[in-house]
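K.L.:
File follows, run-v7.tsv with TSV, C-alpha atoms and all ligand atoms:
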```
chain	number	residue	atom	x	y	z
H	1	LYS	CA	-86.93	30.52	27.53
H	2	LYS	CA	-88.86	27.28	27.96
H	3	ILE	CA	-91.96	27.41	30.06
H	4	ILE	CA	-95.34	25.79	30.51
H	5	ILE	CA	-98.41	27.51	29.14
H	6	ALA	CA	-101.64	26.16	30.61
H	7	LEU	CA	-104.85	26.87	28.71
H	8	ASP	CA	-107.88	25.84	30.73
H	9	GLY	CA	-111.58	26.32	30.29
H	10	TYR	CA	-114.81	24.92	28.95
H	11	SER	CA	-115.27	23.08	25.65
H	12	SER	CA	-115.24	24.93	22.34
H	13	CYS	CA	-113.85	28.21	23.64
H	14	GLY	CA	-111.04	27.90	21.13
H	15	LYS	CA	-108.50	26.32	23.48
H	16	SER	CA	-107.01	23.74	21.13
H	17	THR	CA	-106.94	26.00	18.09
H	18	THR	CA	-105.23	28.72	20.10
H	19	ALA	CA	-102.85	26.27	21.76
H	20	LYS	CA	-101.84	24.75	18.43
H	21	ARG	CA	-100.99	28.16	16.93
H	22	VAL	CA	-99.15	29.38	20.01
H	23	ALA	CA	-97.08	26.19	20.12
H	24	ALA	CA	-96.19	26.46	16.43
H	25	GLN	CA	-95.17	30.10	16.83
H	26	LEU	CA	-92.96	29.39	19.86
H	27	GLY	CA	-91.62	26.05	18.65
H	28	TYR	CA	-93.22	24.43	21.68
H	29	ALA	CA	-94.93	21.04	21.94
H	30	PHE	CA	-98.71	21.10	22.03
H	31	ILE	CA	-100.56	18.63	24.22
H	32	ASP	CA	-104.31	18.37	23.77
H	33	THR	CA	-105.39	16.69	27.00
H	34	GLY	CA	-109.03	16.51	25.84
H	35	ALA	CA	-107.82	14.18	23.08
H	36	MET	CA	-106.38	11.88	25.75
H	37	TYR	CA	-109.74	11.59	27.55
H	38	ARG	CA	-111.41	11.11	24.18
H	39	ALA	CA	-109.01	8.26	23.32
H	40	VAL	CA	-109.77	6.61	26.67
H	41	SER	CA	-113.48	6.98	25.92
H	42	LEU	CA	-113.03	5.34	22.54
H	43	TYR	CA	-111.25	2.40	24.14
H	44	PHE	CA	-114.00	2.06	26.76
H	45	HIS	CA	-116.61	2.17	24.00
H	46	GLU	CA	-114.86	-0.43	21.85
H	47	HIS	CA	-114.28	-2.80	24.76
H	48	HIS	CA	-117.69	-2.28	26.36
H	49	ILE	CA	-116.16	-1.15	29.65
H	50	SER	CA	-118.71	-0.48	32.33
H	51	LEU	CA	-118.24	3.03	33.72
H	52	THR	CA	-119.43	1.84	37.12
H	53	ASN	CA	-116.99	-1.05	37.47
H	54	PRO	CA	-113.67	0.21	38.95
H	55	LYS	CA	-111.92	-3.15	38.45
H	56	GLU	CA	-112.77	-3.21	34.77
H	57	ILE	CA	-111.71	0.41	34.39
H	58	GLU	CA	-108.43	-0.17	36.14
H	59	LYS	CA	-107.61	-3.14	33.93
H	60	ALA	CA	-108.57	-1.15	30.82
H	61	LEU	CA	-106.35	1.76	31.89
H	62	SER	CA	-103.39	-0.58	32.20
H	63	GLU	CA	-103.96	-1.65	28.60
H	64	ILE	CA	-104.27	1.85	27.17
H	65	HIS	CA	-101.27	3.55	25.66
H	66	ILE	CA	-101.74	7.09	24.36
H	67	SER	CA	-99.21	9.03	22.33
H	68	PHE	CA	-99.03	12.01	20.00
H	69	GLN	CA	-97.32	12.12	16.63
H	70	PHE	CA	-96.83	15.16	14.45
H	71	ASN	CA	-98.77	14.99	11.20
H	72	GLU	CA	-96.87	16.97	8.54
H	73	HIS	CA	-99.92	17.15	6.32
H	74	ARG	CA	-102.14	18.72	8.99
H	75	GLY	CA	-99.38	20.69	10.64
H	76	ALA	CA	-100.58	19.38	14.00
H	77	SER	CA	-100.27	16.34	16.22
H	78	ASP	CA	-102.54	13.33	15.86
H	79	VAL	CA	-103.45	11.23	18.86
H	80	TYR	CA	-102.67	7.50	18.81
H	81	LEU	CA	-104.41	4.84	20.87
H	82	ASN	CA	-102.29	1.70	21.22
H	83	GLY	CA	-100.41	2.59	18.06
H	84	LEU	CA	-103.50	3.39	15.98
H	85	ASN	CA	-104.25	6.90	14.71
H	86	VAL	CA	-107.64	7.77	16.22
H	87	GLU	CA	-107.59	11.52	15.57
H	88	GLY	CA	-110.64	11.38	13.30
H	89	GLU	CA	-112.70	8.97	15.36
H	90	ILE	CA	-112.37	10.71	18.72
H	91	ARG	CA	-113.87	13.98	17.45
H	92	LYS	CA	-117.17	12.33	16.57
H	93	MET	CA	-120.36	13.16	18.40
H	94	TYR	CA	-120.79	9.76	20.10
H	95	ILE	CA	-117.44	10.28	21.84
H	96	SER	CA	-118.37	13.84	22.86
H	97	GLN	CA	-121.46	12.34	24.41
H	98	MET	CA	-119.53	10.03	26.72
H	99	VAL	CA	-116.19	11.79	27.30
H	100	SER	CA	-117.18	14.02	30.22
H	101	GLU	CA	-118.55	11.09	32.14
H	102	VAL	CA	-115.37	9.11	31.48
H	103	SER	CA	-113.11	12.01	32.42
H	104	ALA	CA	-114.96	12.52	35.71
H	105	ILE	CA	-113.88	9.07	36.93
H	106	THR	CA	-111.20	9.59	39.57
H	107	ILE	CA	-108.84	6.76	38.51
H	108	VAL	CA	-109.07	7.86	34.88
H	109	ARG	CA	-108.05	11.41	35.85
H	110	LYS	CA	-105.21	10.12	38.05
H	111	ALA	CA	-103.78	8.07	35.19
H	112	MET	CA	-104.07	10.88	32.62
H	113	VAL	CA	-102.73	13.59	34.94
H	114	ALA	CA	-99.66	11.45	35.68
H	115	GLN	CA	-99.06	11.02	31.95
H	116	GLN	CA	-99.55	14.73	31.28
H	117	GLN	CA	-97.02	15.61	33.97
H	118	LYS	CA	-94.51	13.27	32.34
H	119	MET	CA	-95.16	14.75	28.89
H	120	GLY	CA	-94.60	18.32	30.12
H	121	LYS	CA	-91.57	17.61	32.26
H	122	SER	CA	-89.07	19.12	29.86
H	123	ARG	CA	-91.24	22.27	29.66
H	124	GLY	CA	-91.56	24.23	26.43
H	125	VAL	CA	-95.16	23.02	26.12
H	126	VAL	CA	-98.61	24.42	25.59
H	127	MET	CA	-101.13	22.19	27.32
H	128	ASP	CA	-104.85	22.71	26.95
H	129	GLY	CA	-107.76	21.16	28.79
H	130	ARG	CA	-109.12	21.25	32.32
H	131	ASP	CA	-107.19	21.42	35.61
H	132	ILE	CA	-103.87	22.07	33.87
H	133	GLY	CA	-103.12	25.27	35.81
H	134	THR	CA	-104.55	23.91	39.06
H	135	LYS	CA	-103.63	20.22	39.27
H	136	VAL	CA	-101.40	19.09	36.41
H	137	PHE	CA	-98.95	22.02	36.49
H	138	PRO	CA	-99.81	24.35	39.39
H	139	ASP	CA	-96.37	25.90	38.76
H	140	ALA	CA	-97.06	26.74	35.08
H	141	GLU	CA	-95.58	30.14	34.29
H	142	VAL	CA	-98.50	31.24	32.09
H	143	LYS	CA	-102.09	30.32	32.93
H	144	VAL	CA	-105.08	31.37	30.90
H	145	PHE	CA	-108.68	30.45	31.65
H	146	MET	CA	-110.85	30.63	28.52
H	147	THR	CA	-114.59	31.20	28.39
H	148	ALA	CA	-117.08	32.20	25.71
H	149	ASP	CA	-120.79	32.62	25.26
H	150	PRO	CA	-122.43	29.14	25.02
H	151	VAL	CA	-124.26	29.88	21.76
H	152	ILE	CA	-121.05	31.11	20.14
H	153	ARG	CA	-119.26	27.99	21.40
H	154	ALA	CA	-122.00	25.78	19.91
H	155	GLU	CA	-121.77	27.57	16.57
H	156	ARG	CA	-118.00	27.06	16.49
H	157	ARG	CA	-118.34	23.37	17.33
H	158	GLN	CA	-121.01	22.97	14.65
H	159	LEU	CA	-118.74	24.48	12.00
H	160	GLU	CA	-115.89	22.24	13.12
H	161	LEU	CA	-118.05	19.11	12.87
H	162	LEU	CA	-119.42	20.23	9.51
H	163	GLN	CA	-115.89	20.58	8.16
H	164	LYS	CA	-115.40	16.94	9.12
H	165	GLY	CA	-118.62	15.89	7.41
H	166	GLU	CA	-120.84	15.54	10.47
H	167	MET	CA	-124.00	17.65	10.29
H	168	ILE	CA	-125.47	18.16	13.76
H	169	ASP	CA	-128.31	20.39	14.94
H	170	LEU	CA	-127.21	23.52	16.83
H	171	GLU	CA	-129.68	22.64	19.61
H	172	GLU	CA	-128.12	19.19	20.05
H	173	ILE	CA	-124.62	20.65	20.25
H	174	LEU	CA	-125.74	23.30	22.72
H	175	GLU	CA	-127.34	20.61	24.88
H	176	ASN	CA	-124.14	18.53	24.75
H	177	LEU	CA	-121.96	21.52	25.69
H	178	LYS	CA	-124.22	22.45	28.60
H	179	LYS	CA	-124.29	18.89	29.85
H	180	ARG	CA	-120.49	18.68	29.67
H	181	ASP	CA	-120.14	22.02	31.51
H	182	ILE	CA	-122.33	20.66	34.30
H	183	ILE	CA	-120.39	17.39	34.56
H	184	ASP	CA	-117.08	19.29	34.51
H	185	SER	CA	-118.21	21.63	37.27
H	186	THR	CA	-119.69	18.97	39.54
H	187	ARG	CA	-116.99	16.30	39.45
H	188	GLU	CA	-116.63	14.26	42.61
H	189	GLU	CA	-112.93	14.83	43.11
H	190	GLY	CA	-113.09	18.56	42.54
H	191	PRO	CA	-114.80	20.69	39.92
H	192	LEU	CA	-113.18	22.62	37.11
H	193	VAL	CA	-112.14	25.98	38.54
H	194	GLN	CA	-110.03	28.88	37.38
H	195	ALA	CA	-106.59	28.94	39.02
H	196	GLU	CA	-106.15	31.94	41.29
H	197	ASP	CA	-103.26	33.18	39.21
H	198	ALA	CA	-104.88	32.48	35.83
H	199	ILE	CA	-105.87	35.28	33.50
H	200	LEU	CA	-109.42	35.17	32.17
H	201	MET	CA	-109.87	35.41	28.41
H	202	ASP	CA	-113.40	35.64	27.04
H	203	THR	CA	-113.11	34.65	23.39
H	204	SER	CA	-116.73	35.40	22.39
H	205	PHE	CA	-115.74	38.34	20.26
H	206	MET	CA	-112.05	37.66	19.71
H	207	THR	CA	-110.49	36.47	16.49
H	208	LEU	CA	-108.07	33.56	16.53
H	209	GLU	CA	-105.21	35.97	15.86
H	210	GLU	CA	-106.18	38.07	18.88
H	211	GLN	CA	-106.33	35.00	21.08
H	212	VAL	CA	-102.90	33.83	19.92
H	213	ASP	CA	-101.37	37.30	20.40
H	214	PHE	CA	-102.83	37.53	23.89
H	215	VAL	CA	-101.12	34.31	24.97
H	216	ILE	CA	-97.85	35.10	23.19
H	217	GLN	CA	-97.71	38.46	24.96
H	218	LEU	CA	-98.12	36.74	28.32
H	219	HIS	CA	-95.35	34.32	27.35
H	220	ASP	CA	-92.98	37.10	26.33
H	221	ALA	CA	-93.72	39.35	29.31
H	301	LIG	O1	-111.52	19.70	24.98
H	301	LIG	P1	-112.41	18.57	24.59
H	301	LIG	O2	-113.80	18.98	24.24
H	301	LIG	O3	-111.82	17.69	23.55
H	301	LIG	O4	-112.50	17.69	25.92
H	301	LIG	C1	-113.39	16.62	26.00
H	301	LIG	C2	-113.88	16.44	27.43
H	301	LIG	O5	-112.86	15.86	28.24
H	301	LIG	C3	-114.30	17.70	28.15
H	301	LIG	O6	-115.67	17.99	27.95
H	301	LIG	C4	-114.01	17.40	29.61
H	301	LIG	O7	-115.14	16.81	30.20
H	301	LIG	C5	-112.90	16.38	29.56
H	301	LIG	N1	-111.57	16.88	29.88
H	301	LIG	C6	-111.15	16.83	31.19
H	301	LIG	N2	-109.88	17.21	31.53
H	301	LIG	C7	-109.03	17.66	30.60
H	301	LIG	C8	-109.44	17.74	29.23
H	301	LIG	C9	-110.72	17.36	28.91
H	301	LIG	O8	-111.93	16.44	32.04
H	301	LIG	N3	-107.79	18.02	30.97
```
Let me see the file written as structure tokens.
Ligand code: C5P
P.N.:
Amino acid sequence: KKIIIALDGYSSCGKSTTAKRVAAQLGYAFIDTGAMYRAVSLYFHEHHISLTNPKEIEKALSEIHISFQFNEHRGASDVYLNGLNVEGEIRKMYISQMVSEVSAITIVRKAMVAQQQKMGKSRGVVMDGRDIGTKVFPDAEVKVFMTADPVIRAERRQLELLQKGEMIDLEEILENLKKRDIIDSTREEGPLVQAEDAILMDTSFMTLEEQVDFVIQLHDA
């Protein structure tokens, strides 16, 4: 059995961590679509691309090549921007602060969605992000929409950043999450919504194991 598992929802609900584990357990590929928008953001930052200049953005998009490569050491895939491993850089706070704005740009979404569809064509993938079950793969066999209490999400994100050596105030993280939620749910070309046939999973009081089991059970059903 080789299907598509779409994990959608807001930031820091445990999507990527769950997706990674589920993919490893099933022998599926894991595609972190947030990492793709983060890589685009990094490129825009490095090349001083104006977010209000469609011509500049279009040219930049034509110069951006994103790929994933499995990192044996981490047991997960690293994201590459034009051949360079940017996995560490894209998780930093300054990228989190610009990524939602970048990912709300219609031509950016078009380009990334097309790439995501290509990457998932052979199925046997777990894809996490936004719009996966609605726009990228409306025909995904398993769709889960993840939510969690904002304070719990902020605490998780803080721990994650701390483990990477970045110490950020809980308040600042909470502000950033809320801002991103608002941008995600007010995007011009259609807000983030739960697919009609998606199953809601509130991870506030779930352990990682419980989240993984939940998705695996849906896969096996
Ligand atoms: O999941 P992560 O926090 O890495 O995603 C970064 C940002 O990219 C999100 O806040 C969201 O605004 C955007 N995103 C998106 N569509 C996706 C994945 C992420 O708009 N499929």
K.L.:
(-116.9, 30.1, 32.0) in this file's frame - what residues fall within 8 Å of it? Use all atoms listed in the file and give the answer as JSON, numbers by chain.
P.N.:
{"H": [9, 10, 146, 147, 148]}
K.L.:
Output as a Markdown table one row per residue of chain H within 6 Å of ligand LIG 301 (chain H): the closest atom pair and its distance in Å to one decimal place, counting all atoms listed in the file, sorted by chain and residue number ascending.
P.N.:
```
| residue | atom | partner | partner_atom | distance |
| --- | --- | --- | --- | --- |
| H:Ser11 | CA | H:LIG301 | O2 | 4.6 |
| H:Thr33 | CA | H:LIG301 | C8 | 4.7 |
| H:Gly34 | CA | H:LIG301 | C9 | 3.6 |
| H:Ala35 | CA | H:LIG301 | O3 | 5.3 |
| H:Tyr37 | CA | H:LIG301 | O5 | 5.3 |
| H:Val99 | CA | H:LIG301 | C2 | 5.2 |
| H:Ser100 | CA | H:LIG301 | O7 | 3.5 |
| H:Ser103 | CA | H:LIG301 | O8 | 4.6 |
| H:Gly129 | CA | H:LIG301 | N3 | 3.8 |
| H:Arg130 | CA | H:LIG301 | N3 | 3.7 |
| H:Asp131 | CA | H:LIG301 | N3 | 5.8 |
| H:Arg180 | CA | H:LIG301 | O6 | 5.2 |
| H:Asp184 | CA | H:LIG301 | O7 | 5.3 |
```
K.L.:
Find the residues of segment 64-108 of chain H that sit at most 12 Å from segment 115-128 of chain H; for each, write down the nearest two atoms and how far apart they are in Å, to one decimal. Count all atoms listed in the file. Sort by chain, then by number going up, and give it as CSV.
P.N.:
```
residue,atom,partner,partner_atom,distance
H:Ile64,CA,H:Gln115,CA,11.6
H:His65,CA,H:Gln115,CA,10.0
H:Ile66,CA,H:Gln115,CA,9.0
H:Ser67,CA,H:Met119,CA,9.6
H:Phe68,CA,H:Met119,CA,10.1
H:Val108,CA,H:Gln115,CA,10.9
```
K.L.:
Taking into account all atoms listed in the file, which residue in the set H:Asn53, H:Ser77, H:Asn85, H:Asn71 is nearest to Ile107 of chain H?
P.N.:
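Closest to Ile107 of chain H, using all atoms listed in the file: H:Asn53.
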K.L.:
Neighbouring residues of segment 198-211 of chain H were defined as those with any atom within 8 Å, considering all atoms listed in the file; residues of the same chain fewer than 5 positions away were excluded. Please report them as a count of residues only.
P.N.:
15
K.L.:
Can you work out the spacing between atom CA of Ala140 of chain H and atom CA of Ala29 of chain H in Å, to one decimal?
P.N.:
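Taking atom CA of Ala140 of chain H and atom CA of Ala29 of chain H, their separation equals 14.5 Å.
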K.L.:
May I ask for the distance between atom CA of Ala76 of chain H and atom CA of Lys20 of chain H, given in Å to one decimal place?
P.N.:
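Distance between the two atoms: 7.1 Å.
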K.L.:
Neighbouring residues of segment 215-221 of chain H were defined as those with any atom within 10 Å, considering all atoms listed in the file; residues of the same chain fewer than 6 positions away were excluded. Please report them as JSON, numbers by chain.
P.N.:
{"H": [1, 2, 3, 4, 5, 6, 7, 18, 19, 21, 22, 23, 25, 26, 141, 142, 143, 144, 199, 201]}
K.L.:
What is the distance, in Å and to one decimal place, between atom CA of Lys110 of chain H and atom CA of Asp32 of chain H?
P.N.:
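Straight-line distance from atom CA of Lys110 of chain H to atom CA of Asp32 of chain H works out to 16.5 Å.
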K.L.:
I'd like the contact shell of His48 of chain H - 12 Å cut-off, all atoms listed in the file, skipping same-chain residues fewer than 6 positions apart - returned as a list of chain:residue names.
P.N.:
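Listing them by chain and then by number gives H:Val40, H:Ser41, H:Leu42, H:Glu56, H:Ile57, H:Ala60.
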K.L.:
Can you report as AutoDock Vina command-line options the centre and edge lengths in Å, to one decimal, of an axis-aligned box around the listed atoms of segment 134-147 of chain H padded with 3 Å on each side?
P.N.:
```
--center_x -105.1 --center_y 25.2 --center_z 33.9 --size_x 25.0 --size_y 18.3 --size_z 17.0
```
K.L.:
When distances are computed from all atoms listed in the file, which of H:Asn82, H:Arg91, H:Lys59, H:Ser96 shows the smallest separation from Lys179 of chain H?
P.N.:
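Closest residue, counting all atoms listed in the file: H:Ser96.
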K.L.:
Between H:Leu162, H:Ala195, H:Ala39, H:Ala24, single out the one closest to Phe70 of chain H, counting all atoms listed in the file.
P.N.:
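Among the listed residues, H:Ala24 lies closest to Phe70 of chain H.
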K.L.:
If we count only C-alpha atoms and set the cut-off at 8 Å, which residues sit around Glu87 of chain H, ignoring sequence neighbours fewer than 6 positions away in its own chain? Please answer as a VMD selection string.
P.N.:
chain H and resid 35 78 to 80
K.L.:
H:Asp8, H:Leu51, H:Thr106, H:Gln69: which is nearest Pro138 of chain H, counting only C-alpha atoms?
P.N.:
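Smallest separation from Pro138 of chain H among the options: H:Asp8.
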K.L.:
Using all atoms listed in the file, which of the listed residues (H:Glu89, H:Glu63, H:Glu101, H:Glu155) sits closest to Ile173 of chain H?
P.N.:
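Among the listed residues, H:Glu155 lies closest to Ile173 of chain H.
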